[in-house]
>>> print(open('model_15.csv').read())   # CSV, C-alpha atoms
chain,number,residue,atom,x,y,z
O,216,MET,CA,-16.3,13.2,-19.7
O,217,LYS,CA,-15.9,14.6,-16.2
O,218,ARG,CA,-13.4,17.1,-14.8
O,219,TYR,CA,-12.5,16.7,-11.2
O,220,GLY,CA,-11.6,19.9,-9.4
O,221,ALA,CA,-8.7,22.2,-9.8
O,222,ALA,CA,-6.3,19.3,-10.4
O,223,LYS,CA,-7.7,19.1,-13.9
O,224,ILE,CA,-8.0,15.4,-14.6
O,225,GLN,CA,-10.4,14.1,-17.2
O,226,VAL,CA,-12.4,11.0,-16.6
O,227,ARG,CA,-14.1,8.9,-19.1
O,228,HIS,CA,-15.8,5.5,-18.8
O,229,HIS,CA,-15.5,2.8,-21.4
O,230,ASN,CA,-16.8,-0.7,-21.2
O,231,GLY,CA,-16.6,-0.7,-17.4
O,232,LEU,CA,-13.2,0.8,-17.4
O,233,THR,CA,-12.3,4.2,-15.9
O,234,LEU,CA,-10.0,6.1,-18.2
O,235,VAL,CA,-8.2,9.0,-16.5
O,236,GLU,CA,-6.1,11.6,-18.2
O,237,LEU,CA,-3.7,13.8,-16.2
O,238,LEU,CA,-3.8,17.3,-17.6
O,239,ASP,CA,-0.9,18.9,-15.8
O,240,GLU,CA,2.4,19.1,-17.7
O,241,GLU,CA,4.4,19.3,-14.5
O,242,ILE,CA,3.6,17.1,-11.6
O,243,LEU,CA,6.5,18.2,-9.4
O,244,ASP,CA,5.6,20.2,-6.3
O,245,GLU,CA,3.8,19.3,-3.2
O,246,SER,CA,0.6,21.3,-3.7
O,247,THR,CA,0.1,20.1,-7.3
O,248,ILE,CA,0.7,16.5,-6.3
O,249,ALA,CA,-1.6,16.8,-3.3
O,250,ALA,CA,-4.4,18.2,-5.4
O,251,ILE,CA,-4.0,15.5,-8.0
O,252,ALA,CA,-3.9,12.8,-5.3
O,253,GLU,CA,-7.1,14.0,-3.8
O,254,THR,CA,-9.0,13.9,-7.0
O,255,LEU,CA,-7.5,10.5,-8.1
O,256,PHE,CA,-8.5,8.9,-4.7
O,257,ALA,CA,-12.0,10.4,-5.2
O,258,VAL,CA,-12.2,8.7,-8.6
O,259,VAL,CA,-11.2,5.4,-7.0
O,260,GLU,CA,-13.8,5.8,-4.3
O,261,ASP,CA,-16.5,6.8,-6.8
O,262,ASN,CA,-15.8,3.8,-9.0
O,263,ALA,CA,-14.7,1.1,-6.6
O,264,PRO,CA,-13.7,-1.6,-7.4
O,265,VAL,CA,-12.1,0.5,-10.2
O,266,ARG,CA,-10.4,-0.8,-13.3
O,267,MET,CA,-8.4,2.3,-14.1
O,268,VAL,CA,-6.2,3.4,-17.0
O,269,LEU,CA,-4.1,6.4,-16.1
O,270,SER,CA,-2.7,8.3,-19.0
O,271,PHE,CA,0.4,10.5,-18.9
O,272,SER,CA,0.2,11.8,-22.4
O,273,ARG,CA,0.3,15.5,-21.4
O,274,VAL,CA,2.8,15.0,-18.5
O,275,LYS,CA,6.4,16.2,-19.2
O,276,HIS,CA,7.8,16.3,-15.7
O,277,LEU,CA,7.2,14.4,-12.6
O,278,SER,CA,9.1,14.1,-9.3
O,279,SER,CA,9.8,11.3,-6.8
O,280,MET,CA,7.0,12.7,-4.7
O,281,ALA,CA,4.6,12.1,-7.6
O,282,LEU,CA,5.9,8.5,-7.8
O,283,GLY,CA,5.1,8.1,-4.1
O,284,THR,CA,1.6,9.2,-4.8
O,285,LEU,CA,1.2,6.7,-7.6
O,286,ILE,CA,2.4,4.0,-5.3
O,287,ARG,CA,-0.2,4.9,-2.7
O,288,LEU,CA,-2.8,5.1,-5.5
O,289,CYS,CA,-2.0,1.7,-6.7
O,290,LYS,CA,-2.3,0.3,-3.2
O,291,ARG,CA,-5.6,1.9,-2.7
O,292,VAL,CA,-6.9,0.6,-6.0
O,293,GLU,CA,-5.8,-2.9,-5.2
O,294,GLU,CA,-7.1,-2.8,-1.6
O,295,SER,CA,-10.6,-1.9,-3.1
O,296,GLY,CA,-10.4,-4.9,-5.4
O,297,GLY,CA,-9.5,-3.0,-8.5
O,298,SER,CA,-6.6,-2.7,-10.8
O,299,LEU,CA,-4.5,0.1,-12.3
O,300,LYS,CA,-2.6,0.4,-15.5
O,301,LEU,CA,-0.4,3.4,-16.6
O,302,CYS,CA,0.0,4.4,-20.2
O,303,ASN,CA,1.3,7.0,-22.6
O,304,ILE,CA,4.4,7.7,-20.6
O,305,ARG,CA,7.0,9.5,-22.7
O,306,ALA,CA,10.4,8.0,-22.9
O,307,ALA,CA,12.1,10.6,-20.6
O,308,LEU,CA,9.6,9.9,-17.8
O,309,LEU,CA,9.6,6.1,-18.4
O,310,GLU,CA,13.3,6.3,-17.7
O,311,ILE,CA,12.5,7.5,-14.2
O,312,PHE,CA,10.3,4.5,-13.6
O,313,VAL,CA,13.1,2.2,-14.9
O,314,ILE,CA,15.8,3.8,-12.7
O,315,THR,CA,13.7,3.4,-9.6
O,316,LYS,CA,12.6,0.0,-10.7
O,317,LEU,CA,9.0,1.0,-10.4
O,318,ASN,CA,8.4,-0.4,-13.9
O,319,LYS,CA,8.4,-3.7,-12.0
O,320,LEU,CA,5.7,-2.5,-9.6
O,321,PHE,CA,3.3,-0.8,-12.0
O,322,ASP,CA,1.6,-2.3,-15.0
O,323,ILE,CA,2.7,0.1,-17.8
O,324,CYS,CA,1.4,0.0,-21.3
O,325,ASP,CA,2.6,2.0,-24.3
O,326,THR,CA,-0.8,3.3,-25.3
O,327,GLU,CA,-4.3,3.7,-23.9
O,328,GLU,CA,-5.6,1.2,-26.4
O,329,MET,CA,-3.1,-1.4,-25.3
O,330,ALA,CA,-4.1,-0.8,-21.7
O,331,ILE,CA,-7.8,-1.2,-22.4
O,332,ASN,CA,-7.2,-4.3,-24.4
O,333,SER,CA,-5.1,-5.8,-21.6
O,334,PHE,CA,-8.1,-5.6,-19.4
O,335,ILE,CA,-10.2,-7.5,-21.9
O,336,ALA,CA,-7.6,-10.2,-22.7
Q,170,MET,CA,23.0,33.7,-21.3
Q,171,PRO,CA,25.6,32.2,-19.0
Q,172,ASN,CA,26.2,33.8,-15.6
Q,173,GLU,CA,30.0,33.7,-15.5
Q,174,ASN,CA,30.1,34.5,-11.8
Q,175,PRO,CA,28.3,32.3,-9.3
Q,176,CYS,CA,24.9,33.7,-8.4
Q,177,GLU,CA,24.0,33.5,-4.7
Q,178,LEU,CA,20.5,34.0,-3.3
Q,179,GLU,CA,18.4,33.1,-0.3
Q,180,ILE,CA,14.8,32.1,-0.7
Q,181,PRO,CA,11.9,31.5,1.7
Q,182,ASN,CA,11.3,27.9,2.5
Q,183,ASP,CA,8.4,27.2,0.0
Q,184,PHE,CA,7.8,25.6,-3.4
Q,185,LEU,CA,6.7,28.8,-5.1
Q,186,HIS,CA,10.0,30.5,-4.6
Q,187,ALA,CA,11.9,27.3,-5.3
Q,188,LYS,CA,10.1,27.0,-8.7
Q,189,GLU,CA,11.2,30.5,-9.7
Q,190,VAL,CA,14.8,29.6,-9.1
Q,191,GLU,CA,14.4,26.3,-11.0
Q,192,ASP,CA,12.9,28.1,-14.0
Q,193,ARG,CA,15.7,30.6,-14.0
Q,194,ILE,CA,18.5,28.0,-13.9
Q,195,VAL,CA,16.9,25.7,-16.4
Q,196,GLU,CA,16.4,28.7,-18.8
Q,197,GLN,CA,20.0,29.7,-18.5
Q,198,ALA,CA,21.1,26.1,-19.1
Q,199,ALA,CA,19.0,26.0,-22.2
Q,200,HIS,CA,20.5,29.2,-23.5
Q,201,CYS,CA,23.9,27.8,-22.9
Q,202,GLY,CA,23.2,24.9,-25.2
Q,203,PHE,CA,22.2,22.2,-22.8
Q,204,SER,CA,19.9,19.8,-24.7
Q,205,GLU,CA,16.3,19.1,-23.8
Q,206,GLU,CA,17.3,15.9,-22.2
Q,207,GLN,CA,19.9,17.7,-20.1
Q,208,THR,CA,17.6,20.5,-19.0
Q,209,PHE,CA,15.0,17.8,-18.1
Q,210,ALA,CA,17.6,16.2,-15.9
Q,211,ILE,CA,18.6,19.6,-14.3
Q,212,ARG,CA,14.9,20.5,-13.6
Q,213,LEU,CA,14.2,17.1,-12.0
Q,214,CYS,CA,17.3,17.1,-9.8
Q,215,LEU,CA,16.7,20.7,-8.8
Q,216,GLU,CA,13.2,19.8,-7.8
Q,217,GLU,CA,14.3,16.8,-5.8
Q,218,ALA,CA,17.1,18.7,-4.0
Q,219,LEU,CA,14.9,21.7,-3.2
Q,220,SER,CA,12.0,19.5,-2.2
Q,221,ASN,CA,14.3,17.7,0.2
Q,222,ALA,CA,15.6,21.0,1.6
Q,223,ILE,CA,12.1,22.4,2.1
Q,224,ARG,CA,10.4,19.3,3.5
Q,225,HIS,CA,13.1,17.4,5.3
Q,226,GLY,CA,16.0,19.8,5.9
Q,227,ASN,CA,14.0,22.7,7.0
Q,228,GLY,CA,11.1,20.6,8.2
Q,229,GLY,CA,8.6,22.6,6.2
Q,230,ASP,CA,9.2,25.5,8.6
Q,231,PRO,CA,8.2,28.7,6.8
Q,232,THR,CA,10.5,30.8,8.9
Q,233,LYS,CA,13.6,29.0,7.6
Q,234,LYS,CA,15.5,29.9,4.4
Q,235,ILE,CA,17.2,28.0,1.6
Q,236,ARG,CA,20.5,29.3,0.3
Q,237,ILE,CA,21.2,28.6,-3.4
Q,238,CYS,CA,24.4,29.2,-5.3
Q,239,TYR,CA,24.6,28.5,-9.0
Q,240,ALA,CA,26.8,29.0,-12.0
Q,241,VAL,CA,25.8,28.1,-15.6
Q,242,SER,CA,28.2,28.0,-18.5
Q,243,ASN,CA,28.5,26.4,-21.8
Q,244,GLU,CA,30.5,23.6,-20.1
Q,245,LYS,CA,28.5,22.9,-17.0
Q,246,THR,CA,25.8,23.8,-14.6
Q,247,GLU,CA,26.7,23.8,-11.0
Q,248,ILE,CA,24.2,24.3,-8.2
Q,249,THR,CA,24.7,24.2,-4.4
Q,250,ILE,CA,21.6,24.1,-2.2
Q,251,ALA,CA,21.8,24.6,1.6
Q,252,ASP,CA,19.1,24.4,4.2
Q,253,GLN,CA,19.1,25.4,7.8
Q,254,GLY,CA,18.4,22.0,9.3
Q,255,THR,CA,20.6,19.8,11.4
Q,256,GLY,CA,21.6,17.6,8.4
Q,257,PHE,CA,21.4,13.9,7.8
Q,258,ASN,CA,23.4,11.0,6.6
Q,259,PRO,CA,22.8,10.5,2.9
Q,260,THR,CA,24.5,7.1,2.9
Q,261,ALA,CA,22.0,5.8,5.4
Q,262,VAL,CA,19.0,6.3,3.1
Q,263,PRO,CA,17.6,2.8,2.3
Q,264,ASP,CA,17.9,1.5,-1.2
Q,265,PRO,CA,14.4,2.1,-2.7
Q,266,THR,CA,14.9,-0.4,-5.4
Q,267,VAL,CA,15.2,-3.5,-3.2
Q,268,ARG,CA,12.0,-5.6,-3.0
Q,269,GLU,CA,11.1,-4.7,0.6
Q,270,ASN,CA,11.3,-0.9,-0.1
Q,271,LEU,CA,9.8,-0.9,-3.6
Q,272,GLU,CA,6.3,0.0,-2.3
Q,273,THR,CA,7.6,2.7,0.1
Q,274,PRO,CA,6.2,6.0,-1.1
Q,275,SER,CA,9.4,8.0,-0.3
Q,276,GLY,CA,13.2,7.8,-0.5
Q,277,ARG,CA,13.9,8.1,-4.3
Q,278,GLY,CA,15.0,11.7,-4.6
Q,279,ILE,CA,18.7,11.1,-3.9
Q,280,MET,CA,18.8,8.1,-6.2
Q,281,LEU,CA,17.4,10.1,-9.1
Q,282,MET,CA,19.8,13.0,-8.5
Q,283,LYS,CA,22.7,10.5,-8.6
Q,284,ALA,CA,21.3,8.9,-11.8
Q,285,TYR,CA,20.9,12.2,-13.7
Q,286,MET,CA,23.8,14.4,-12.4
Q,287,ASN,CA,27.4,14.0,-13.1
Q,288,SER,CA,28.2,14.7,-9.5
Q,289,VAL,CA,26.1,14.9,-6.3
Q,290,GLU,CA,28.1,15.8,-3.2
Q,291,TYR,CA,26.8,16.4,0.4
Q,292,ASN,CA,28.7,18.4,3.0
Q,293,LYS,CA,29.8,16.6,6.1
Q,294,LEU,CA,26.7,17.7,8.0
Q,295,GLY,CA,24.3,16.7,5.2
Q,296,ASN,CA,22.5,20.0,5.0
Q,297,GLN,CA,24.1,21.1,1.8
Q,298,VAL,CA,24.2,19.4,-1.6
Q,299,ARG,CA,26.2,20.3,-4.7
Q,300,LEU,CA,25.0,19.2,-8.1
Q,301,VAL,CA,27.0,19.3,-11.3
Q,302,LYS,CA,25.7,18.6,-14.8
Q,303,LEU,CA,28.2,18.7,-17.6
Q,304,ASN,CA,27.2,19.7,-21.1
Q,305,LYS,CA,28.7,16.9,-22.9
Q,306,ALA,CA,27.8,18.3,-26.2
Q,307,GLY,CA,29.8,21.5,-25.4
>>> encode(input="model_15.csv", output="structure tokens")
Amino acid sequence: MKRYGAAKIQVRHHNGLTLVELLDEEILDESTIAAIAETLFAVVEDNAPVRMVLSFSRVKHLSSMALGTLIRLCKRVEESGGSLKLCNIRAALLEIFVITKLNKLFDICDTEEMAINSFIA
Amino acid sequence: MPNENPCELEIPNDFLHAKEVEDRIVEQAAHCGFSEEQTFAIRLCLEEALSNAIRHGNGGDPTKKIRICYAVSNEKTEITIADQGTGFNPTAVPDPTVRENLETPSGRGIMLMKAYMNSVEYNKLGNQVRLVKLNKAG
């Protein structure tokens, strides 16, 4: 398990997959989002082409700016030949993805296990 | 506890001061009986409105200020946020849910505010927004 910088994400590797856990409860403001973005993009570069599962189990709040960062992350992953799945998004946050129709853009799984299995299937 | 009279304050144009006000308003709303779901909505919309004021309205200029006026009661939370910018036309913001805009990283803040608040009103210039969240359980 590896921690990346002050943004506090945890990274594990499992069967060729890169499993990332976001550790901040609130991903709202510019500086927090910028720090998380920097570390996530570093993970993408370090593991390209990355097959990433991004877990939101600890996240309680996120803003539209965070959504923008996720979009950029997804594009970067795909441009490098990888793929990204999101998981463990609590219902209140999932509603944000649905309202903005980003549930159509992102590959969202209920659990980390389901996300991992979807890579294998 | 509810603040029966509107509270007015002016904060520097930065996220640190914005968060202090967000926390204060959300805490008051919780004390007034707004549910977890409702305070989630208030926090999200406050963040969106203040972020827009800081980044877009005031252009990230640290010398500018944001004026906030809010009143929290058992019935409703009402917040007005004004920046010192020249304003914009909120009706001209592209729909972020249409296919060609879906991958655009920005432009979702107003949509989320309208989805979660009972009322979102901009002044004519577009440099002031008024948000209202009703406590439907109250």
>>> residues_around(input="model_15.csv", residues="stretch 196-210 of chain Q", least_positions_apart="4", cutoff="9 Å", atoms="only C-alpha atoms", output="ChimeraX atom specification")
/O:275-276,307 /Q:170-172,191-192,214-215,241-246,282,285-286,302-307
>>> interface_residues(input="model_15.csv", of="chain O", to="chain Q", cutoff="7 Å", atoms="only C-alpha atoms", output="MDAnalysis selection string")
chainID O and resid 244 278:280 283:284 286:287 315:316
>>> atom_distance(input="model_15.csv", atom1="atom CA of O:Val226", atom2="atom CA of O:Lys300")
14.5 Å
>>> closest_residue(input="model_15.csv", among="O:Ala257, O:Ile242, O:Ile331, O:Leu237", to="O:Leu288", atoms="all atoms listed in the file")
O:Ala257
>>> residues_around(input="model_15.csv", residues="O:Leu277", least_positions_apart="4", cutoff="9 Å", atoms="only C-alpha atoms", output="CSV table (one decimal) with C-alpha atoms, in the coordinates of the input")
chain,number,residue,atom,x,y,z
O,240,GLU,CA,2.4,19.1,-17.7
O,241,GLU,CA,4.4,19.3,-14.5
O,242,ILE,CA,3.6,17.1,-11.6
O,243,LEU,CA,6.5,18.2,-9.4
O,244,ASP,CA,5.6,20.2,-6.3
O,281,ALA,CA,4.6,12.1,-7.6
O,282,LEU,CA,5.9,8.5,-7.8
O,308,LEU,CA,9.6,9.9,-17.8
O,311,ILE,CA,12.5,7.5,-14.2
Q,213,LEU,CA,14.2,17.1,-12.0
>>> atom_distance(input="model_15.csv", atom1="atom CA of O:Pro264", atom2="atom CA of O:Lys290")
12.3 Å
>>> residues_around(input="model_15.csv", residues="stretch 266-273 of chain O", least_positions_apart="5", cutoff="10 Å", atoms="all atoms listed in the file", output="PDB file with C-alpha atoms, in the frame of the given file")
ATOM      1  CA  ILE O 224      -8.000  15.400 -14.600  1.00  0.00           C
ATOM      2  CA  GLN O 225     -10.400  14.100 -17.200  1.00  0.00           C
ATOM      3  CA  VAL O 226     -12.400  11.000 -16.600  1.00  0.00           C
ATOM      4  CA  ARG O 227     -14.100   8.900 -19.100  1.00  0.00           C
ATOM      5  CA  HIS O 228     -15.800   5.500 -18.800  1.00  0.00           C
ATOM      6  CA  GLY O 231     -16.600  -0.700 -17.400  1.00  0.00           C
ATOM      7  CA  LEU O 232     -13.200   0.800 -17.400  1.00  0.00           C
ATOM      8  CA  THR O 233     -12.300   4.200 -15.900  1.00  0.00           C
ATOM      9  CA  LEU O 234     -10.000   6.100 -18.200  1.00  0.00           C
ATOM     10  CA  VAL O 235      -8.200   9.000 -16.500  1.00  0.00           C
ATOM     11  CA  GLU O 236      -6.100  11.600 -18.200  1.00  0.00           C
ATOM     12  CA  LEU O 237      -3.700  13.800 -16.200  1.00  0.00           C
ATOM     13  CA  LEU O 238      -3.800  17.300 -17.600  1.00  0.00           C
ATOM     14  CA  ASP O 239      -0.900  18.900 -15.800  1.00  0.00           C
ATOM     15  CA  GLU O 240       2.400  19.100 -17.700  1.00  0.00           C
ATOM     16  CA  GLU O 241       4.400  19.300 -14.500  1.00  0.00           C
ATOM     17  CA  LEU O 255      -7.500  10.500  -8.100  1.00  0.00           C
ATOM     18  CA  VAL O 258     -12.200   8.700  -8.600  1.00  0.00           C
ATOM     19  CA  VAL O 259     -11.200   5.400  -7.000  1.00  0.00           C
ATOM     20  CA  CYS O 289      -2.000   1.700  -6.700  1.00  0.00           C
ATOM     21  CA  VAL O 292      -6.900   0.600  -6.000  1.00  0.00           C
ATOM     22  CA  GLU O 293      -5.800  -2.900  -5.200  1.00  0.00           C
ATOM     23  CA  GLY O 296     -10.400  -4.900  -5.400  1.00  0.00           C
ATOM     24  CA  GLY O 297      -9.500  -3.000  -8.500  1.00  0.00           C
ATOM     25  CA  SER O 298      -6.600  -2.700 -10.800  1.00  0.00           C
ATOM     26  CA  LEU O 299      -4.500   0.100 -12.300  1.00  0.00           C
ATOM     27  CA  LYS O 300      -2.600   0.400 -15.500  1.00  0.00           C
ATOM     28  CA  LEU O 301      -0.400   3.400 -16.600  1.00  0.00           C
ATOM     29  CA  CYS O 302       0.000   4.400 -20.200  1.00  0.00           C
ATOM     30  CA  ASN O 303       1.300   7.000 -22.600  1.00  0.00           C
ATOM     31  CA  ILE O 304       4.400   7.700 -20.600  1.00  0.00           C
ATOM     32  CA  ARG O 305       7.000   9.500 -22.700  1.00  0.00           C
ATOM     33  CA  LEU O 308       9.600   9.900 -17.800  1.00  0.00           C
ATOM     34  CA  ASP O 322       1.600  -2.300 -15.000  1.00  0.00           C
ATOM     35  CA  ILE O 323       2.700   0.100 -17.800  1.00  0.00           C
ATOM     36  CA  CYS O 324       1.400   0.000 -21.300  1.00  0.00           C
ATOM     37  CA  ASP O 325       2.600   2.000 -24.300  1.00  0.00           C
ATOM     38  CA  THR O 326      -0.800   3.300 -25.300  1.00  0.00           C
ATOM     39  CA  GLU O 327      -4.300   3.700 -23.900  1.00  0.00           C
ATOM     40  CA  GLU O 328      -5.600   1.200 -26.400  1.00  0.00           C
ATOM     41  CA  ALA O 330      -4.100  -0.800 -21.700  1.00  0.00           C
ATOM     42  CA  ILE O 331      -7.800  -1.200 -22.400  1.00  0.00           C
ATOM     43  CA  PHE O 334      -8.100  -5.600 -19.400  1.00  0.00           C
TER      44      PHE O 334
END
>>> atom_distance(input="model_15.csv", atom1="atom CA of Q:His225", atom2="atom CA of O:Thr254")
25.5 Å
>>> residues_around(input="model_15.csv", residues="Q:Pro231", least_positions_apart="5", cutoff="9 Å", atoms="all atoms listed in the file", output="PyMOL selection string")
chain Q and resi 181-183+223
>>> closest_residue(input="model_15.csv", among="Q:Arg236, Q:Gly228, Q:Ile211, Q:Thr249", to="Q:Ile180", atoms="all atoms listed in the file")
Q:Arg236
>>> closest_residue(input="model_15.csv", among="O:Asn332, O:Ala250, O:Ala263, O:Val274", to="O:Ala306", atoms="all atoms listed in the file")
O:Val274
>>> residues_near_point(input="model_15.csv", point="(18.0, 10.0, 7.2)", cutoff="12 Å", atoms="all atoms listed in the file", output="PDB file with C-alpha atoms, in the coordinates of the input")
ATOM      1  CA  ASN Q 221      14.300  17.700   0.200  1.00  0.00           C
ATOM      2  CA  HIS Q 225      13.100  17.400   5.300  1.00  0.00           C
ATOM      3  CA  GLY Q 226      16.000  19.800   5.900  1.00  0.00           C
ATOM      4  CA  THR Q 255      20.600  19.800  11.400  1.00  0.00           C
ATOM      5  CA  GLY Q 256      21.600  17.600   8.400  1.00  0.00           C
ATOM      6  CA  PHE Q 257      21.400  13.900   7.800  1.00  0.00           C
ATOM      7  CA  ASN Q 258      23.400  11.000   6.600  1.00  0.00           C
ATOM      8  CA  PRO Q 259      22.800  10.500   2.900  1.00  0.00           C
ATOM      9  CA  THR Q 260      24.500   7.100   2.900  1.00  0.00           C
ATOM     10  CA  ALA Q 261      22.000   5.800   5.400  1.00  0.00           C
ATOM     11  CA  VAL Q 262      19.000   6.300   3.100  1.00  0.00           C
ATOM     12  CA  PRO Q 263      17.600   2.800   2.300  1.00  0.00           C
ATOM     13  CA  ASP Q 264      17.900   1.500  -1.200  1.00  0.00           C
ATOM     14  CA  SER Q 275       9.400   8.000  -0.300  1.00  0.00           C
ATOM     15  CA  GLY Q 276      13.200   7.800  -0.500  1.00  0.00           C
ATOM     16  CA  ILE Q 279      18.700  11.100  -3.900  1.00  0.00           C
ATOM     17  CA  LEU Q 294      26.700  17.700   8.000  1.00  0.00           C
ATOM     18  CA  GLY Q 295      24.300  16.700   5.200  1.00  0.00           C
ATOM     19  CA  ASN Q 296      22.500  20.000   5.000  1.00  0.00           C
TER      20      ASN Q 296
END
>>> closest_residue(input="model_15.csv", among="Q:Gly229, Q:Asn270, Q:Val298, Q:Gly254", to="O:Glu245", atoms="only C-alpha atoms")
Q:Gly229
>>> residues_near_point(input="model_15.csv", point="(24.8, 26.2, -7.0)", cutoff="10 Å", atoms="all atoms listed in the file", output="compact mmCIF listing (two decimals) with C-alpha atoms, in the coordinates of the input")
# COMPACT_ATOMS: atom_id res chain seq x y z
CA PRO Q 175 28.30 32.30 -9.30
CA CYS Q 176 24.90 33.70 -8.40
CA GLU Q 177 24.00 33.50 -4.70
CA LEU Q 178 20.50 34.00 -3.30
CA ILE Q 194 18.50 28.00 -13.90
CA LEU Q 215 16.70 20.70 -8.80
CA ARG Q 236 20.50 29.30 0.30
CA ILE Q 237 21.20 28.60 -3.40
CA CYS Q 238 24.40 29.20 -5.30
CA TYR Q 239 24.60 28.50 -9.00
CA ALA Q 240 26.80 29.00 -12.00
CA VAL Q 241 25.80 28.10 -15.60
CA THR Q 246 25.80 23.80 -14.60
CA GLU Q 247 26.70 23.80 -11.00
CA ILE Q 248 24.20 24.30 -8.20
CA THR Q 249 24.70 24.20 -4.40
CA ILE Q 250 21.60 24.10 -2.20
CA ALA Q 251 21.80 24.60 1.60
CA VAL Q 298 24.20 19.40 -1.60
CA ARG Q 299 26.20 20.30 -4.70
CA LEU Q 300 25.00 19.20 -8.10
CA VAL Q 301 27.00 19.30 -11.30
